[in-house]
>>> print(open('structure-v3.txt').read())   # compact mmCIF, C-alpha atoms and all ligand atoms
# COMPACT_ATOMS: atom_id res chain seq x y z
CA MET A 1 -15.08 -10.65 -23.84
CA THR A 2 -12.71 -8.02 -22.44
CA LYS A 3 -13.25 -7.42 -18.75
CA THR A 4 -13.24 -3.85 -17.43
CA ALA A 5 -11.48 -2.91 -14.22
CA VAL A 6 -11.50 0.47 -12.52
CA ILE A 7 -8.47 1.39 -10.39
CA THR A 8 -8.58 4.42 -8.09
CA GLY A 9 -5.18 5.87 -7.18
CA VAL A 10 -3.80 4.51 -10.46
CA ASN A 11 -0.74 6.76 -10.29
CA GLY A 12 0.13 5.62 -6.76
CA GLN A 13 2.64 2.85 -6.08
CA ASP A 14 0.18 -0.07 -6.10
CA GLY A 15 -2.13 1.40 -8.74
CA SER A 16 0.68 1.52 -11.28
CA TYR A 17 1.72 -2.11 -10.71
CA LEU A 18 -1.89 -3.30 -10.75
CA ALA A 19 -2.59 -1.44 -14.02
CA GLU A 20 0.35 -3.28 -15.63
CA LEU A 21 -0.84 -6.63 -14.30
CA LEU A 22 -4.44 -6.19 -15.50
CA LEU A 23 -3.44 -4.85 -18.93
CA ASN A 24 -1.13 -7.85 -19.34
CA ARG A 25 -4.10 -10.09 -18.57
CA GLY A 26 -6.20 -8.48 -21.32
CA TYR A 27 -8.38 -6.19 -19.21
CA GLY A 28 -9.64 -2.80 -20.25
CA VAL A 29 -8.43 -0.56 -17.42
CA VAL A 30 -10.00 2.71 -16.33
CA GLY A 31 -7.34 4.41 -14.21
CA LEU A 32 -8.55 7.19 -11.95
CA TYR A 33 -6.24 9.91 -10.67
CA ARG A 34 -6.79 13.02 -8.58
CA ARG A 35 -6.50 16.33 -10.39
CA SER A 36 -3.51 18.43 -9.46
CA SER A 37 -1.74 21.43 -10.95
CA SER A 38 1.21 19.18 -11.78
CA ASN A 39 -0.02 15.68 -12.48
CA ASN A 40 2.64 13.05 -12.12
CA PHE A 41 2.36 9.94 -14.28
CA ASP A 42 5.99 8.80 -13.87
CA ARG A 43 4.93 5.50 -12.34
CA LEU A 44 2.68 4.83 -15.36
CA LYS A 45 5.39 5.23 -17.99
CA ASN A 46 5.29 1.50 -18.89
CA VAL A 47 1.58 1.71 -19.80
CA MET A 48 1.01 5.28 -21.01
CA GLY A 49 -0.68 5.26 -24.41
CA HIS A 50 -1.80 1.62 -24.05
CA SER A 51 -4.88 1.07 -26.24
CA ARG A 52 -6.84 -0.55 -23.38
CA LEU A 53 -6.00 2.12 -20.77
CA ILE A 54 -8.28 5.08 -20.12
CA LEU A 55 -7.12 7.72 -17.63
CA ASN A 56 -9.75 9.96 -15.99
CA GLU A 57 -9.69 12.65 -13.33
CA PHE A 58 -11.56 11.59 -10.22
CA ASP A 59 -11.97 12.45 -6.56
CA LEU A 60 -13.14 9.80 -4.14
CA THR A 61 -14.62 12.35 -1.76
CA ASP A 62 -17.09 13.66 -4.35
CA PRO A 63 -20.19 11.40 -4.34
CA SER A 64 -21.42 12.55 -7.75
CA ASP A 65 -18.02 11.89 -9.34
CA VAL A 66 -18.05 8.38 -7.86
CA THR A 67 -21.64 7.69 -8.95
CA ASP A 68 -21.08 9.02 -12.47
CA THR A 69 -18.00 6.80 -12.83
CA ILE A 70 -19.87 3.68 -11.73
CA ILE A 71 -22.81 4.43 -14.03
CA LYS A 72 -20.55 5.20 -17.00
CA TYR A 73 -18.42 2.04 -16.79
CA ARG A 74 -20.40 -0.49 -14.69
CA PRO A 75 -17.06 -2.31 -14.36
CA ASP A 76 -16.53 -6.02 -13.74
CA GLU A 77 -13.97 -5.19 -11.05
CA PHE A 78 -13.31 -2.07 -8.97
CA TYR A 79 -10.04 -1.76 -7.04
CA ASN A 80 -10.08 1.07 -4.51
CA LEU A 81 -6.42 1.90 -3.92
CA ALA A 82 -6.85 5.68 -3.47
CA ALA A 83 -6.11 6.92 0.02
CA GLN A 84 -4.32 9.41 2.20
CA SER A 85 -1.89 6.60 2.92
CA HIS A 86 0.73 8.21 5.16
CA VAL A 87 0.32 7.33 8.84
CA ALA A 88 2.28 10.30 10.23
CA THR A 89 0.33 12.73 7.99
CA SER A 90 -2.94 11.33 9.33
CA PHE A 91 -2.10 12.73 12.79
CA LYS A 92 -1.80 16.18 11.23
CA GLN A 93 -4.76 15.82 8.85
CA PRO A 94 -7.25 13.51 10.60
CA THR A 95 -10.35 15.00 8.98
CA THR A 96 -9.03 14.84 5.43
CA THR A 97 -7.79 11.32 6.08
CA PHE A 98 -11.22 10.24 7.32
CA GLU A 99 -13.00 11.87 4.39
CA ILE A 100 -10.84 10.06 1.85
CA ASP A 101 -10.20 6.74 3.59
CA SER A 102 -13.70 6.22 5.10
CA ILE A 103 -16.36 8.43 3.53
CA GLY A 104 -14.81 7.90 0.11
CA VAL A 105 -15.26 4.14 0.48
CA ILE A 106 -18.92 4.56 1.46
CA ASN A 107 -19.38 6.67 -1.69
CA ILE A 108 -18.15 3.75 -3.80
CA LEU A 109 -20.09 1.05 -1.96
CA GLU A 110 -23.32 3.05 -2.27
CA ALA A 111 -22.79 3.69 -5.98
CA ILE A 112 -22.08 0.01 -6.62
CA ARG A 113 -25.09 -1.07 -4.55
CA LYS A 114 -27.45 1.28 -6.38
CA PHE A 115 -26.16 1.11 -9.94
CA SER A 116 -23.87 -1.85 -10.54
CA GLY A 117 -24.66 -4.74 -8.19
CA THR A 118 -22.50 -7.28 -10.06
CA THR A 119 -19.27 -5.23 -9.81
CA ARG A 120 -16.63 -7.00 -7.70
CA PHE A 121 -15.06 -4.59 -5.21
CA TYR A 122 -11.58 -4.65 -3.66
CA GLN A 123 -10.78 -2.39 -0.69
CA ALA A 124 -7.18 -1.65 0.33
CA SER A 125 -7.25 -2.46 4.05
CA THR A 126 -4.08 -2.49 6.10
CA SER A 127 -2.08 -4.18 8.83
CA GLU A 128 -2.07 -0.79 10.60
CA MET A 129 -5.59 -1.76 11.80
CA PHE A 130 -3.98 -4.28 14.21
CA GLY A 131 -2.19 -1.43 15.95
CA ARG A 132 -0.38 -2.78 19.00
CA ASN A 133 -2.33 -6.03 19.08
CA TYR A 134 -1.03 -9.47 18.16
CA SER A 135 -1.70 -13.18 18.61
CA ILE A 136 0.89 -15.66 19.92
CA ASN A 137 1.60 -19.02 18.27
CA HIS A 138 2.61 -22.32 19.92
CA ASN A 139 6.29 -21.30 19.72
CA GLY A 140 5.56 -18.10 21.66
CA GLU A 141 6.00 -15.92 18.52
CA LYS A 142 3.88 -12.84 17.92
CA TYR A 143 1.90 -12.59 14.67
CA GLN A 144 -1.31 -11.13 13.21
CA ASP A 145 -3.87 -12.94 11.07
CA GLU A 146 -7.57 -12.61 10.17
CA GLN A 147 -8.57 -13.66 13.72
CA THR A 148 -6.41 -11.09 15.55
CA SER A 149 -8.48 -8.25 17.06
CA LEU A 150 -8.08 -4.84 15.47
CA MET A 151 -6.81 -2.03 17.76
CA PRO A 152 -5.91 0.98 15.58
CA GLN A 153 -3.32 3.49 16.86
CA SER A 154 -3.61 6.34 14.33
CA PRO A 155 -6.29 8.38 12.55
CA TYR A 156 -5.24 6.54 9.36
CA ALA A 157 -5.84 3.15 10.95
CA VAL A 158 -9.20 4.21 12.43
CA ALA A 159 -10.35 5.48 9.04
CA LYS A 160 -9.23 2.25 7.35
CA LEU A 161 -10.96 0.18 10.04
CA ALA A 162 -14.24 2.06 9.47
CA SER A 163 -14.12 1.26 5.75
CA HIS A 164 -13.00 -2.32 6.42
CA ARG A 165 -16.12 -2.88 8.55
CA MET A 166 -18.28 -1.09 6.01
CA VAL A 167 -17.13 -3.49 3.29
CA GLN A 168 -18.10 -6.45 5.52
CA ILE A 169 -21.54 -4.87 6.10
CA TYR A 170 -22.19 -4.33 2.39
CA ARG A 171 -21.08 -7.91 1.68
CA ASP A 172 -23.38 -9.36 4.35
CA ALA A 173 -26.37 -7.02 4.10
CA TYR A 174 -26.54 -6.45 0.34
CA LYS A 175 -24.70 -9.58 -0.89
CA LEU A 176 -22.18 -7.51 -2.84
CA TYR A 177 -18.95 -9.20 -3.90
CA ALA A 178 -16.94 -6.87 -1.66
CA THR A 179 -13.61 -7.87 -0.22
CA SER A 180 -10.73 -6.32 1.75
CA GLY A 181 -7.06 -7.22 1.51
CA ILE A 182 -5.35 -6.71 4.88
CA LEU A 183 -1.99 -5.95 3.35
CA PHE A 184 1.17 -5.59 5.39
CA ASN A 185 3.81 -3.05 4.30
CA HIS A 186 4.84 -3.45 0.70
CA GLU A 187 7.45 -1.40 -1.02
CA GLY A 188 9.55 -1.17 -4.15
CA PRO A 189 11.29 1.38 -6.36
CA ARG A 190 7.98 3.22 -6.90
CA ARG A 191 7.36 3.77 -3.18
CA GLY A 192 6.69 7.39 -2.16
CA VAL A 193 9.83 9.09 -0.86
CA ASN A 194 8.35 9.95 2.54
CA PHE A 195 7.91 6.30 3.56
CA VAL A 196 10.89 5.08 5.54
CA THR A 197 12.25 2.45 3.11
CA ARG A 198 12.32 4.78 0.12
CA LYS A 199 13.55 7.68 2.24
CA ILE A 200 16.57 5.53 3.05
CA THR A 201 17.24 4.22 -0.46
CA SER A 202 16.72 7.59 -2.11
CA TYR A 203 19.27 9.09 0.31
CA ILE A 204 21.72 6.33 -0.67
CA GLY A 205 21.07 6.97 -4.37
CA GLN A 206 21.93 10.65 -3.95
CA LEU A 207 24.97 9.91 -1.79
CA VAL A 208 26.45 7.36 -4.19
CA ASN A 209 26.02 9.79 -7.09
CA ASN A 210 27.69 12.60 -5.12
CA LEU A 211 24.56 14.76 -5.15
CA ILE A 212 24.91 15.07 -1.36
CA THR A 213 27.83 14.54 1.02
CA LYS A 214 28.23 12.96 4.43
CA ASP A 215 27.43 16.38 5.96
CA THR A 216 23.82 16.04 4.82
CA LYS A 217 22.54 13.60 7.39
CA LEU A 218 19.65 11.17 6.94
CA LYS A 219 17.16 12.19 9.64
CA LEU A 220 15.02 9.31 10.87
CA GLY A 221 12.67 8.64 13.80
CA ASN A 222 12.07 5.32 15.55
CA LEU A 223 14.56 2.69 14.33
CA ASN A 224 13.21 -0.01 16.66
CA ALA A 225 9.77 -0.53 15.10
CA SER A 226 9.38 -3.87 13.32
CA ARG A 227 7.58 -4.24 10.04
CA ASP A 228 6.67 -7.14 7.76
CA TRP A 229 7.94 -5.83 4.42
CA GLY A 230 7.10 -7.36 1.04
CA HIS A 231 7.38 -6.23 -2.58
CA ALA A 232 4.42 -4.34 -4.10
CA GLN A 233 4.66 -6.36 -7.32
CA ASP A 234 3.87 -9.55 -5.41
CA TYR A 235 1.08 -7.92 -3.45
CA VAL A 236 -0.96 -6.54 -6.38
CA TYR A 237 -1.22 -10.12 -7.68
CA ALA A 238 -2.94 -11.04 -4.41
CA MET A 239 -5.45 -8.20 -4.97
CA TYR A 240 -6.28 -9.60 -8.40
CA LEU A 241 -6.68 -13.15 -7.02
CA MET A 242 -9.04 -11.90 -4.32
CA LEU A 243 -11.54 -10.80 -6.98
CA GLN A 244 -11.38 -14.14 -8.86
CA GLN A 245 -12.84 -16.35 -6.09
CA ASP A 246 -16.31 -17.94 -5.94
CA VAL A 247 -16.99 -16.27 -2.60
CA ALA A 248 -15.83 -12.83 -1.43
CA ASP A 249 -13.72 -12.82 1.73
CA ASP A 250 -11.00 -10.85 3.54
CA PHE A 251 -7.34 -11.97 3.50
CA VAL A 252 -4.10 -11.12 5.26
CA ILE A 253 -1.29 -10.64 2.72
CA SER A 254 2.20 -10.61 4.21
CA SER A 255 5.71 -12.03 4.01
CA GLY A 256 5.62 -13.67 7.44
CA LYS A 257 8.96 -12.10 8.43
CA ALA A 258 9.59 -9.07 10.63
CA TYR A 259 12.60 -6.75 10.47
CA THR A 260 13.27 -3.51 12.33
CA VAL A 261 13.76 -0.17 10.61
CA ARG A 262 17.35 -0.47 11.87
CA ASP A 263 17.70 -3.82 10.01
CA PHE A 264 16.52 -2.15 6.81
CA VAL A 265 18.83 0.84 7.07
CA ASP A 266 21.79 -1.37 8.04
CA LYS A 267 21.26 -3.72 5.10
CA ALA A 268 20.74 -0.90 2.61
CA PHE A 269 23.95 0.92 3.61
CA LYS A 270 25.95 -2.34 3.67
CA LEU A 271 24.97 -2.94 0.04
CA VAL A 272 27.07 0.12 -0.86
CA ASP A 273 29.82 -0.75 1.66
CA LEU A 274 28.88 2.02 4.08
CA ASP A 275 28.06 2.07 7.80
CA TYR A 276 24.69 3.73 8.45
CA ASN A 277 25.96 5.05 11.81
CA ASP A 278 28.10 7.56 9.90
CA TYR A 279 25.08 9.01 8.08
CA VAL A 280 21.89 8.58 10.14
CA VAL A 281 20.82 10.92 12.93
CA ILE A 282 17.71 10.57 15.03
CA ASP A 283 15.30 13.47 14.71
CA PRO A 284 12.34 13.49 17.13
CA GLU A 285 10.27 15.18 14.43
CA PHE A 286 9.89 11.77 12.82
CA TYR A 287 8.58 10.08 15.96
CA ARG A 288 4.83 9.51 15.91
CA PRO A 289 2.37 10.51 18.66
CA ALA A 290 1.52 6.79 18.85
CA GLU A 291 3.61 4.03 17.29
CA VAL A 292 2.82 0.53 16.03
CA ASP A 293 5.74 -1.49 17.38
CA TYR A 294 5.51 -4.88 15.79
CA LEU A 295 3.82 -6.22 12.66
CA LYS A 296 4.32 -9.75 11.34
CA GLY A 297 1.54 -11.31 9.29
CA ASP A 298 0.48 -14.91 8.95
CA CYS A 299 -0.99 -15.31 5.46
CA SER A 300 -1.81 -19.04 5.72
CA LYS A 301 -5.40 -18.39 4.64
CA ALA A 302 -4.28 -16.63 1.45
CA LYS A 303 -1.83 -19.44 0.72
CA LYS A 304 -4.55 -22.05 1.13
CA VAL A 305 -7.51 -20.34 -0.55
CA LEU A 306 -5.86 -18.07 -3.13
CA GLY A 307 -2.74 -20.15 -3.75
CA TRP A 308 -0.79 -16.92 -3.20
CA GLU A 309 2.61 -16.53 -1.63
CA PRO A 310 5.29 -13.87 -1.87
CA LYS A 311 8.14 -14.53 -4.32
CA ILE A 312 10.45 -11.57 -3.61
CA SER A 313 12.48 -11.81 -0.37
CA PHE A 314 13.40 -8.99 2.01
CA ASP A 315 17.01 -9.06 0.77
CA GLN A 316 15.87 -8.84 -2.87
CA LEU A 317 13.51 -5.99 -1.99
CA VAL A 318 16.27 -3.91 -0.36
CA GLN A 319 18.62 -4.70 -3.27
CA ASP A 320 15.97 -3.70 -5.84
CA MET A 321 15.25 -0.38 -4.12
CA VAL A 322 18.91 0.54 -3.58
CA SER A 323 19.95 -0.31 -7.18
CA SER A 324 16.94 1.48 -8.61
CA ASP A 325 17.69 4.68 -6.67
CA ILE A 326 21.37 4.57 -7.64
CA GLU A 327 20.23 4.42 -11.30
CA LEU A 328 17.57 7.08 -10.83
CA TYR A 329 19.97 9.69 -9.46
CA LYS A 330 22.63 8.84 -12.06
CA ILE A 331 20.51 10.17 -14.88
CA ARG A 332 19.37 13.37 -13.13
P1 LIG B 401 0.06 5.72 -2.56
O1 LIG B 401 1.28 5.49 -3.37
O2 LIG B 401 0.06 6.79 -1.51
O3 LIG B 401 -1.14 6.01 -3.58
C1 LIG B 401 -2.38 6.51 -3.15
C2 LIG B 401 -3.11 7.09 -4.36
O4 LIG B 401 -4.39 7.60 -3.93
C3 LIG B 401 -2.39 8.25 -5.05
O5 LIG B 401 -2.47 8.07 -6.45
C4 LIG B 401 -3.22 9.46 -4.61
O6 LIG B 401 -3.17 10.53 -5.48
C5 LIG B 401 -4.60 8.85 -4.60
N1 LIG B 401 -5.58 9.66 -3.87
C6 LIG B 401 -5.43 10.24 -2.64
N2 LIG B 401 -6.53 10.91 -2.32
C7 LIG B 401 -7.41 10.79 -3.34
C8 LIG B 401 -8.71 11.28 -3.59
N3 LIG B 401 -9.36 12.05 -2.71
N4 LIG B 401 -9.32 10.93 -4.75
C9 LIG B 401 -8.67 10.16 -5.66
N5 LIG B 401 -7.42 9.68 -5.49
C10 LIG B 401 -6.79 9.99 -4.34
O7 LIG B 401 -0.40 4.38 -1.82
P2 LIG B 401 0.02 2.85 -2.14
O8 LIG B 401 1.21 2.52 -1.35
O9 LIG B 401 -0.04 2.62 -3.60
O10 LIG B 401 -1.19 2.09 -1.41
C11 LIG B 401 -2.38 1.79 -2.13
C12 LIG B 401 -3.50 1.58 -1.12
O11 LIG B 401 -3.16 0.51 -0.25
C13 LIG B 401 -3.78 2.76 -0.21
O12 LIG B 401 -5.17 2.77 0.03
C14 LIG B 401 -3.04 2.45 1.07
O13 LIG B 401 -3.65 3.09 2.17
C15 LIG B 401 -3.20 0.94 1.11
N6 LIG B 401 -2.14 0.18 1.77
C16 LIG B 401 -0.84 0.37 1.42
C17 LIG B 401 0.14 -0.41 2.00
C18 LIG B 401 1.60 -0.27 1.61
O14 LIG B 401 2.45 -0.76 2.36
N7 LIG B 401 1.90 0.33 0.46
C19 LIG B 401 -0.20 -1.39 2.94
C20 LIG B 401 -1.55 -1.55 3.26
C21 LIG B 401 -2.51 -0.78 2.65
P3 LIG B 401 -2.11 11.72 -5.29
O15 LIG B 401 -0.85 11.24 -5.95
O16 LIG B 401 -2.77 12.86 -5.94
O17 LIG B 401 -1.91 11.91 -3.81
O1 LIG B 402 6.92 3.81 8.58
C1 LIG B 402 9.33 4.35 11.26
C2 LIG B 402 7.88 4.69 11.54
O2 LIG B 402 5.89 5.49 7.07
C3 LIG B 402 7.43 2.54 8.94
C4 LIG B 402 1.86 2.76 4.74
O3 LIG B 402 1.98 2.22 3.44
O4 LIG B 402 2.39 0.66 5.76
C5 LIG B 402 2.78 2.01 5.69
O5 LIG B 402 2.71 2.64 6.97
C6 LIG B 402 8.10 2.63 10.30
C7 LIG B 402 7.25 3.32 11.38
O6 LIG B 402 5.15 3.07 6.97
C8 LIG B 402 10.94 7.30 9.89
O7 LIG B 402 7.74 5.27 12.83
C9 LIG B 402 11.36 5.84 11.41
O8 LIG B 402 7.38 2.59 12.57
O9 LIG B 402 7.33 3.67 6.09
P1 LIG B 402 6.35 4.08 7.10
P2 LIG B 402 3.95 2.69 7.97
O10 LIG B 402 3.68 3.75 8.94
O11 LIG B 402 4.25 1.33 8.50
C10 LIG B 402 1.05 0.43 6.22
C11 LIG B 402 0.78 -1.05 6.20
C12 LIG B 402 0.05 1.25 5.50
O12 LIG B 402 -1.11 0.84 5.34
C13 LIG B 402 0.41 2.66 5.19
O13 LIG B 402 -0.41 3.16 4.14
O14 LIG B 402 9.27 3.45 10.17
N1 LIG B 402 10.17 5.50 10.86
N2 LIG B 402 11.85 6.94 10.86
C14 LIG B 402 9.88 6.38 9.90
N3 LIG B 402 8.85 6.47 9.06
C15 LIG B 402 8.85 7.49 8.16
N4 LIG B 402 7.84 7.58 7.26
N5 LIG B 402 9.86 8.42 8.13
C16 LIG B 402 10.94 8.37 8.96
O15 LIG B 402 11.82 9.21 8.93
>>> encode(input="structure-v3.txt", output="structure tokens", more="lines below")
Ligand code: NAP
Ligand code: F7E
Amino acid sequence: MTKTAVITGVNGQDGSYLAELLLNRGYGVVGLYRRSSSNNFDRLKNVMGHSRLILNEFDLTDPSDVTDTIIKYRPDEFYNLAAQSHVATSFKQPTTTFEIDSIGVINILEAIRKFSGTTRFYQASTSEMFGRNYSINHNGEKYQDEQTSLMPQSPYAVAKLASHRMVQIYRDAYKLYATSGILFNHEGPRRGVNFVTRKITSYIGQLVNNLITKDTKLKLGNLNASRDWGHAQDYVYAMYLMLQQDVADDFVISSGKAYTVRDFVDKAFKLVDLDYNDYVVIDPEFYRPAEVDYLKGDCSKAKKVLGWEPKISFDQLVQDMVSSDIELYKIR
């Protein structure tokens, strides 16, 4: 029988990749998007019109909308990918961020508990919850895994930590199949343009196609922060695997390698034979009130239990994003 999966934030980066994956596996997919005056389904162009895809308007912060959705579909699987996902924005909009990223998750958990107790629930948790904290391995290297204490440094991370804990409570107290993926940064050509990787590659795409000149500088903030960057296509497969286990649990999903923002920008510009120093200027506007300096995940548990590991390397990720943006701006 066809399984039904609900995806919130279906027109976001991860939602679009996950919709493709689940449709390819024979699922009926109910994709939920937030109403706007100019809905953007660009990321869904590979699946638009698919006979097993239903697209509905939905807002996570509205309890009756959430409850009605659960009652209508009583899905086998529910992937909550909707969020105010931008860390810098969360400092400017802490209340909105908390309403979406925390209260919204409680709305779903309550609706599942009351009306659809067999639905398997995936929550999009994040490495940002580790904040400045890390563990140290026997070689003296810093890393984060499921045992590392969580010390959030932004309103976004606090909101995600609240929902992360709430998922654990609903799993323990009500025996729901509720799980959180602690995903480290994952990117790709569909990444929003205000995240640093895509900001860089979209600048390069415009530069190479002569839509801007050297006089238009690329304004960035902290180049020294380290991130563990993977490809979103790899990471949505981990989400799917997390809902196929006998027992619900939380997993770190990461590449296990850390690079600085400077490494990313350097590599991206070198791919088009340019030196980033000629184009990048530092603008304090893009510094954050509090920064997360170093993220490098150890996903040994996911490798062992889920049989998951990333397939796309950092170099391939940068290459994919740069080539895709060069193509994108060619046809504009
Ligand atoms: P994204 O591209 O920003 O997508 C987020 C989606 O959520 C968008 O479709 C957005 O709609 C929707 N949304 C926001 N508020 C909503 C609301 N009130 N009701 C319904 N939908 C709403 O994020 P992503 O990169 O795909 O990430 C997916 C999830 O993983 C997020 O929860 C994020 O916090 C988490 N996460 C991401 C990463 C990463 O590196 N990408 C790492 C760890 C965790 P609009 O287009 O209307 O804004
Ligand atoms: O910043 C630095 C910035 O905004 C990465 C989200 O998906 O991953 C993402 O959060 C680093 C930070 O991602 C600019 O200070 C420098 O150190 O691309 P980002 P993020 O904050 O790591 C986590 C795991 C999530 O869960 C989030 O949803 O880059 N940086 N200059 C800059 N960042 C931005 N955005 N813009 C700059 O100009």
>>> residues_around(input="structure-v3.txt", residues="region 91-101 of chain A", least_positions_apart="3", cutoff="8 Å", atoms="only C-alpha atoms", output="number ranges by chain")
A: 60-61, 82-84, 87-88, 104-105, 154-156, 159-160, 163, 289
>>> residues_near_ligand(input="structure-v3.txt", ligand="ligand LIG 402 (chain B)", cutoff="8 Å", atoms="all atoms listed in the file", output="short mmCIF file (atom, residue, chain, number, x, y, z; two decimals) with C-alpha atoms, in the coordinates of the input")
data_model
loop_
_atom_site.label_atom_id
_atom_site.label_comp_id
_atom_site.auth_asym_id
_atom_site.auth_seq_id
_atom_site.Cartn_x
_atom_site.Cartn_y
_atom_site.Cartn_z
CA ALA A 83 -6.11 6.92 0.02
CA GLN A 84 -4.32 9.41 2.20
CA SER A 85 -1.89 6.60 2.92
CA HIS A 86 0.73 8.21 5.16
CA VAL A 87 0.32 7.33 8.84
CA ALA A 88 2.28 10.30 10.23
CA SER A 125 -7.25 -2.46 4.05
CA THR A 126 -4.08 -2.49 6.10
CA SER A 127 -2.08 -4.18 8.83
CA GLU A 128 -2.07 -0.79 10.60
CA TYR A 156 -5.24 6.54 9.36
CA ALA A 157 -5.84 3.15 10.95
CA LEU A 183 -1.99 -5.95 3.35
CA PHE A 184 1.17 -5.59 5.39
CA ASN A 185 3.81 -3.05 4.30
CA HIS A 186 4.84 -3.45 0.70
CA GLU A 187 7.45 -1.40 -1.02
CA ASN A 194 8.35 9.95 2.54
CA PHE A 195 7.91 6.30 3.56
CA VAL A 196 10.89 5.08 5.54
CA THR A 197 12.25 2.45 3.11
CA ARG A 198 12.32 4.78 0.12
CA LYS A 199 13.55 7.68 2.24
CA LYS A 219 17.16 12.19 9.64
CA LEU A 220 15.02 9.31 10.87
CA GLY A 221 12.67 8.64 13.80
CA ASN A 222 12.07 5.32 15.55
CA LEU A 223 14.56 2.69 14.33
CA ASN A 224 13.21 -0.01 16.66
CA ALA A 225 9.77 -0.53 15.10
CA SER A 226 9.38 -3.87 13.32
CA ARG A 227 7.58 -4.24 10.04
CA VAL A 261 13.76 -0.17 10.61
CA ASP A 283 15.30 13.47 14.71
CA PHE A 286 9.89 11.77 12.82
CA TYR A 287 8.58 10.08 15.96
CA ARG A 288 4.83 9.51 15.91
CA GLU A 291 3.61 4.03 17.29
CA VAL A 292 2.82 0.53 16.03
CA ASP A 293 5.74 -1.49 17.38
#
>>> closest_residue(input="structure-v3.txt", among="A:Arg34, A:Lys114, A:Lys311, A:Lys45", to="Asp234 (chain A)", atoms="all atoms listed in the file")
A:Lys311
>>> closest_residue(input="structure-v3.txt", among="A:Lys3, A:His164, A:Arg262, A:Lys214", to="Leu274 (chain A)", atoms="all atoms listed in the file")
A:Lys214
>>> atom_distance(input="structure-v3.txt", atom1="CA of Asn46 (chain A)", atom2="atom O2 of ligand LIG 401 (chain B)")
18.9 Å
>>> residues_near_point(input="structure-v3.txt", point="(-17.7, 0.5, 1.2)", cutoff="10 Å", atoms="only C-alpha atoms", output="list in words")
Asn80, Ser102, Ile103, Gly104, Val105, Ile106, Asn107, Ile108, Leu109, Glu110, Ala111, Ile112, Arg113, Phe121, Tyr122, Gln123, Ala162, Ser163, His164, Arg165, Met166, Val167, Gln168, Ile169, Tyr170, Arg171, Ala178, Thr179 and Ser180 of chain A
>>> closest_residue(input="structure-v3.txt", among="A:Thr216, A:Asn56, A:Gln206, A:Thr69", to="Gly9 (chain A)", atoms="only C-alpha atoms")
A:Asn56
>>> axis_aligned_box(input="structure-v3.txt", around="region 76-81 of chain A", padding_each_side="8 Å", output="AutoDock Vina command-line options")
--center_x -11.5 --center_y -2.1 --center_z -8.8 --size_x 26.1 --size_y 23.9 --size_z 25.8
>>> residues_near_point(input="structure-v3.txt", point="(-12.4, -10.7, -25.6)", cutoff="9 Å", atoms="only C-alpha atoms", output="PyMOL selection string")
chain A and resi 1-3+26-27
